[in-house]
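Below: the structure, in structure tokens.
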Amino acid sequence: MSLTFHWFLPTNGDSRHVVGGGHGTPATASGRDRPPTVAYLSQIARAAEDLGFVGVLTPTGAWCEDAWLTTAMVSQHTERLKFLVAFRPGFVSPTLAAQMASTFQRQTGGRLLLNVVTGGESHEQRAYGDFLDKDDRYRRTGEFLQIVKELWEGKTVDLAGEHLRVEDAKLARVPDPVPEVYFGGSSPIAGEIAARYVDVYLTWGEPPAQVAEKIAWIRGLAAKQGRTLRFGIRLHVITRDTSREAWAEADRLLAGFDAETVRSVQAGLARSESEGQQRMLALHGGGSRDGLEIHPHLWAGIGLVRGGAGTALVGSHAEVAALIKEYAALGIEEFVLSGYPHLEEAYWFGEGVLPLLAGEGLWEHPAGKQTASVQVPFAG
């Protein structure tokens, strides 16, 4: 089995400190350290491509730049890299979204992946003109994906659903290849939608035992639909030549979280309707700086100031590789990673961890490049 690794495009800004915010909270001031210009994001994308990441996730929300427009521009500065574009199905018609995806595939040579984000924050959804409650948003997502997938198959679609209605919908040109759909959600209705429509179910970086429970849950739901899914996990990473150096970096990041920022972000996240977000908050007790290593080499410190993915793999390259193998043993095949700053951290992981996994036959460079482990002098 060859594992798949994706990186992250920080369209909310980048920094040597954690850029907080998200899930209905604004990006923190550190996001202005390295603005998300096309030039800088393209630099990250080219590094990720060279190092052997398959794709890059681009977030969605009021706190960041638009994912569709940004990736369309950055794609012109890369050759192989795919773009895992996060988008909210309630903000655009399904026929237009299917057409946009088809155009993206043709103009990039088939490098689009779609991360469907239903939206867990009603106050943020209302700012965009969406006034459905959470469960109805998920039901609409199901109708949306049904329409889009049938259009991609070349069908003419007529559907009068509870939330969406199309008549005589058809694409002039279907995408080739059809984009894979990634999706995450921890509520019962989210599990039902995932089981019916998605290709890859994504979870945030909870401890392995909790991830195992989620995988078993989704597998069971998918089996009832006669389907099988792949599984991915979204994590940050701090990997260094030695464990001591990695934890020193985690401590440095933690020292940069001022108490008022933590309080403000936690207050905003506490009102989130997302069950996944609430599970993230529970990992650090809603803002506590104590006991943040919630599983060996899994650190919940990022979640003190950042919504969404709030945990990081922390340790030496070998220790991080070992934890990746632990998740892989559960059934995780794809890892969507990030780190601050994203340019430098991509190299730490790409040159430190990926060669170790390649040496064990668990990863190979998508372009067939040979990798060599970084030699660590005087490591002890």
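Chain labels run A, B, ... following the order of the structure tokens; each chain numbers its residues from 1, and ligands are numbered from 1 in the order shown.
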
Quiz item: DSSP says strand (DSSP E or B) for which residues of region 91-316 of chain A? Put them as a PyMOL selection string?
Solution: chain A and resi 112-116+157-160+165-169+181-183+200-204+230-240+293-295+298-299+306+312-316

How would the residues just chosen look if you wrote them out with N, CA and C atoms as a short mmCIF file (atom, residue, chain, number, x, y, z; two decimals), in the first residue's frame?
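The resulting out-v8.cif:
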```cif
data_model
loop_
_atom_site.label_atom_id
_atom_site.label_comp_id
_atom_site.auth_asym_id
_atom_site.auth_seq_id
_atom_site.Cartn_x
_atom_site.Cartn_y
_atom_site.Cartn_z
N LEU A 112 -8.17 18.56 -10.43
CA LEU A 112 -9.12 19.03 -9.43
C LEU A 112 -9.61 17.89 -8.54
N LEU A 113 -9.62 18.14 -7.23
CA LEU A 113 -10.30 17.32 -6.24
C LEU A 113 -11.24 18.26 -5.48
N LEU A 114 -12.37 17.76 -5.03
CA LEU A 114 -13.35 18.64 -4.39
C LEU A 114 -13.57 18.24 -2.93
N ASN A 115 -13.44 19.21 -2.04
CA ASN A 115 -13.72 19.01 -0.62
C ASN A 115 -15.03 19.72 -0.29
N VAL A 116 -16.08 18.94 -0.15
CA VAL A 116 -17.40 19.51 0.09
C VAL A 116 -17.55 19.86 1.56
N VAL A 157 -30.50 15.81 -16.16
CA VAL A 157 -31.01 15.68 -14.80
C VAL A 157 -32.26 16.53 -14.60
N ASP A 158 -33.30 15.88 -14.10
CA ASP A 158 -34.49 16.57 -13.60
C ASP A 158 -34.66 16.13 -12.15
N LEU A 159 -34.66 17.09 -11.25
CA LEU A 159 -34.83 16.76 -9.84
C LEU A 159 -35.58 17.87 -9.14
N ALA A 160 -36.63 17.49 -8.46
CA ALA A 160 -37.38 18.43 -7.62
C ALA A 160 -37.24 17.95 -6.18
N ARG A 165 -33.87 22.31 -7.04
CA ARG A 165 -34.69 21.92 -8.18
C ARG A 165 -33.99 22.29 -9.47
N VAL A 166 -33.83 21.31 -10.35
CA VAL A 166 -33.28 21.58 -11.68
C VAL A 166 -34.15 20.87 -12.71
N GLU A 167 -34.20 21.46 -13.89
CA GLU A 167 -34.94 20.86 -15.00
C GLU A 167 -34.08 20.85 -16.23
N ASP A 168 -34.02 19.69 -16.89
CA ASP A 168 -33.30 19.54 -18.16
C ASP A 168 -31.85 20.02 -18.04
N ALA A 169 -31.24 19.71 -16.90
CA ALA A 169 -29.84 20.10 -16.68
C ALA A 169 -28.91 19.12 -17.36
N VAL A 181 -14.60 13.28 -4.74
CA VAL A 181 -15.25 14.13 -3.75
C VAL A 181 -14.78 13.71 -2.35
N TYR A 182 -14.24 14.69 -1.61
CA TYR A 182 -13.82 14.52 -0.22
C TYR A 182 -14.85 15.20 0.67
N PHE A 183 -15.02 14.68 1.87
CA PHE A 183 -16.11 15.16 2.71
C PHE A 183 -15.84 14.77 4.15
N VAL A 200 -13.92 9.97 -0.56
CA VAL A 200 -12.97 9.95 0.55
C VAL A 200 -13.61 10.65 1.75
N TYR A 201 -13.69 9.94 2.86
CA TYR A 201 -14.19 10.54 4.10
C TYR A 201 -13.00 11.06 4.89
N LEU A 202 -13.05 12.36 5.24
CA LEU A 202 -11.98 13.00 5.99
C LEU A 202 -12.38 13.21 7.45
N THR A 203 -11.44 12.92 8.33
CA THR A 203 -11.64 13.23 9.74
C THR A 203 -10.52 14.14 10.21
N TRP A 204 -10.81 14.96 11.21
CA TRP A 204 -9.74 15.72 11.83
C TRP A 204 -8.92 14.81 12.73
N ARG A 230 -12.71 5.46 0.78
CA ARG A 230 -11.37 5.61 1.32
C ARG A 230 -11.43 6.60 2.48
N PHE A 231 -10.38 6.59 3.30
CA PHE A 231 -10.37 7.44 4.48
C PHE A 231 -9.11 8.29 4.53
N GLY A 232 -9.31 9.55 4.93
CA GLY A 232 -8.19 10.47 5.07
C GLY A 232 -8.26 11.20 6.40
N ILE A 233 -7.16 11.83 6.78
CA ILE A 233 -7.10 12.55 8.04
C ILE A 233 -6.40 13.88 7.84
N ARG A 234 -6.89 14.90 8.52
CA ARG A 234 -6.37 16.28 8.42
C ARG A 234 -5.61 16.62 9.69
N LEU A 235 -4.32 16.92 9.55
CA LEU A 235 -3.44 17.17 10.69
C LEU A 235 -2.43 18.27 10.36
N HIS A 236 -1.91 18.90 11.39
CA HIS A 236 -0.71 19.72 11.28
C HIS A 236 0.48 18.84 11.62
N VAL A 237 1.67 19.34 11.36
CA VAL A 237 2.86 18.54 11.64
C VAL A 237 4.02 19.44 12.07
N ILE A 238 4.75 18.98 13.08
CA ILE A 238 6.00 19.62 13.51
C ILE A 238 7.02 18.50 13.62
N THR A 239 7.86 18.35 12.63
CA THR A 239 8.82 17.26 12.61
C THR A 239 10.24 17.84 12.48
N ARG A 240 11.15 17.31 13.27
CA ARG A 240 12.53 17.80 13.28
C ARG A 240 13.49 16.61 13.36
N GLU A 293 -0.56 17.00 25.02
CA GLU A 293 -0.16 15.79 24.29
C GLU A 293 -1.20 14.72 24.61
N ILE A 294 -2.18 14.59 23.73
CA ILE A 294 -3.35 13.77 24.01
C ILE A 294 -3.17 12.31 23.62
N HIS A 295 -2.11 12.02 22.93
CA HIS A 295 -1.68 10.67 22.54
C HIS A 295 -0.20 10.83 22.23
N LEU A 298 0.92 13.31 19.56
CA LEU A 298 -0.23 14.02 19.01
C LEU A 298 -0.57 15.17 19.94
N TRP A 299 -0.44 16.40 19.43
CA TRP A 299 -0.49 17.62 20.24
C TRP A 299 -1.71 18.45 19.87
N ARG A 306 -7.04 28.06 16.67
CA ARG A 306 -7.47 27.80 15.29
C ARG A 306 -8.68 26.89 15.27
N ALA A 312 -1.61 18.34 15.96
CA ALA A 312 -0.38 18.23 15.17
C ALA A 312 0.39 16.97 15.57
N LEU A 313 1.01 16.36 14.58
CA LEU A 313 2.00 15.32 14.82
C LEU A 313 3.29 16.02 15.22
N VAL A 314 3.86 15.65 16.37
CA VAL A 314 5.06 16.32 16.86
C VAL A 314 6.09 15.28 17.26
N GLY A 315 7.31 15.43 16.73
CA GLY A 315 8.37 14.52 17.14
C GLY A 315 9.49 14.48 16.13
N SER A 316 10.40 13.56 16.34
CA SER A 316 11.45 13.33 15.36
C SER A 316 10.81 12.75 14.10
#
```

Exercise. Name the closest residue to Lys214 (chain A) among the candidates A:Val74, A:Met100, A:Ile332, A:Leu41; distances are taken between atoms, counting only C-alpha atoms.
Key: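 Smallest separation from Lys214 (chain A) among the options: A:Ile332.
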
Sel. of alpha helix (DSSP H) residues, region 4-242 of chain A, as a short mmCIF file (atom, residue, chain, number, x, y, z; two decimals) with C-alpha atoms, in the first residue's frame:
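This went into part-v4.cif:
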```cif
data_model
loop_
_atom_site.label_atom_id
_atom_site.label_comp_id
_atom_site.auth_asym_id
_atom_site.auth_seq_id
_atom_site.Cartn_x
_atom_site.Cartn_y
_atom_site.Cartn_z
CA VAL A 38 -0.40 34.20 -5.76
CA ALA A 39 3.39 34.44 -5.82
CA TYR A 40 3.82 33.13 -2.28
CA LEU A 41 1.14 30.43 -2.57
CA SER A 42 2.71 29.30 -5.84
CA GLN A 43 6.04 29.01 -4.07
CA ILE A 44 4.46 26.66 -1.53
CA ALA A 45 2.67 24.73 -4.28
CA ARG A 46 5.85 24.21 -6.28
CA ALA A 47 7.70 23.03 -3.18
CA ALA A 48 4.90 20.57 -2.38
CA GLU A 49 4.91 19.30 -5.95
CA ASP A 50 8.67 18.75 -5.95
CA LEU A 51 8.66 17.03 -2.55
CA ALA A 67 -10.58 28.76 -3.13
CA TRP A 68 -11.80 28.41 -6.72
CA LEU A 69 -10.19 31.63 -7.96
CA THR A 70 -6.96 31.18 -6.03
CA THR A 71 -6.32 27.61 -7.14
CA ALA A 72 -7.14 28.44 -10.74
CA MET A 73 -4.35 31.02 -10.67
CA VAL A 74 -1.85 28.92 -8.72
CA PRO A 94 -25.23 22.40 -8.61
CA THR A 95 -25.27 22.74 -12.40
CA LEU A 96 -22.88 25.69 -12.30
CA ALA A 97 -20.61 23.87 -9.84
CA ALA A 98 -20.52 20.82 -12.09
CA GLN A 99 -19.65 23.07 -15.05
CA MET A 100 -16.93 24.87 -13.06
CA ALA A 101 -15.38 21.56 -12.08
CA SER A 102 -15.49 20.34 -15.66
CA THR A 103 -13.78 23.51 -16.87
CA PHE A 104 -11.15 23.25 -14.14
CA GLN A 105 -10.35 19.69 -15.17
CA ARG A 106 -9.85 20.60 -18.82
CA GLN A 107 -7.79 23.72 -18.13
CA THR A 108 -5.47 21.98 -15.63
CA SER A 122 -25.21 29.20 10.94
CA HIS A 123 -24.13 32.77 11.65
CA GLU A 124 -21.46 32.55 8.95
CA GLN A 125 -23.86 30.87 6.50
CA ARG A 126 -26.39 33.65 7.02
CA ALA A 127 -23.77 36.22 6.06
CA LYS A 134 -27.65 22.50 9.99
CA ASP A 135 -29.57 19.29 9.23
CA ASP A 136 -31.28 20.91 6.25
CA ARG A 137 -27.90 22.06 4.97
CA TYR A 138 -26.74 18.45 4.97
CA ARG A 139 -29.91 17.30 3.19
CA ARG A 140 -29.30 19.98 0.58
CA THR A 141 -25.71 18.74 0.24
CA GLY A 142 -27.06 15.28 -0.56
CA GLU A 143 -29.32 16.65 -3.29
CA PHE A 144 -26.46 18.77 -4.59
CA LEU A 145 -24.10 15.81 -4.88
CA GLN A 146 -26.76 13.67 -6.52
CA ILE A 147 -27.27 16.29 -9.23
CA VAL A 148 -23.56 16.99 -9.74
CA LYS A 149 -22.57 13.33 -9.96
CA GLU A 150 -25.31 12.56 -12.49
CA LEU A 151 -24.27 15.54 -14.59
CA TRP A 152 -20.66 14.34 -14.54
CA PRO A 188 -25.49 11.31 12.07
CA ILE A 189 -26.80 13.13 8.99
CA ALA A 190 -23.24 13.79 7.81
CA GLY A 191 -22.48 10.08 8.03
CA GLU A 192 -25.52 9.28 5.89
CA ILE A 193 -24.48 11.74 3.17
CA ALA A 194 -20.89 10.47 3.18
CA ALA A 195 -22.02 6.86 2.83
CA ARG A 196 -24.15 7.65 -0.21
CA TYR A 197 -22.09 10.06 -2.23
CA PRO A 208 -6.22 6.75 16.97
CA ALA A 209 -8.89 5.03 19.08
CA GLN A 210 -11.44 7.72 18.21
CA VAL A 211 -10.44 7.66 14.55
CA ALA A 212 -10.93 3.89 14.52
CA GLU A 213 -14.47 4.35 15.83
CA LYS A 214 -15.25 6.88 13.10
CA ILE A 215 -13.90 4.62 10.36
CA ALA A 216 -15.98 1.69 11.61
CA TRP A 217 -19.08 3.91 11.73
CA ILE A 218 -18.70 5.21 8.18
CA ARG A 219 -17.72 1.81 6.79
CA GLY A 220 -20.88 0.33 8.26
CA LEU A 221 -23.07 3.05 6.75
CA ALA A 222 -21.38 2.74 3.36
CA ALA A 223 -21.77 -1.04 3.36
CA LYS A 224 -25.53 -0.61 3.73
#
```

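When only C-alpha atoms are used to compute distances to Trp63 (chain A), the closest of the residues A:Glu275, A:Arg34, A:Gly307, A:Pro177 turns out to be A:Gly307.
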
Self-check item: Selection near region 281-292 of chain A, 7 Å with only C-alpha atoms, sequence-local residues under 3 positions removed, as a list in words
Solution: Val262, Gln266, Gln277, Gln278, Trp299, Ala300, Gly301 and Leu304 of chain A

Quiz item: Using only C-alpha atoms, which of the listed residues (A:Asp14, A:Thr60, A:Lys325, A:Val174) sits closest to Val353 (chain A)?
Solution: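 Closest to Val353 (chain A), using only C-alpha atoms: A:Lys325.
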
Quiz item: Using only C-alpha atoms, which residues sit within 9 Å of Ala318 (chain A) once same-chain residues fewer than 5 positions away are excluded, as a list of chain:residue names?
Solution: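 Returned residues: A:Thr239, A:Asp241, A:Thr242, A:Leu323, A:Gly352, A:Val353, A:Leu356.
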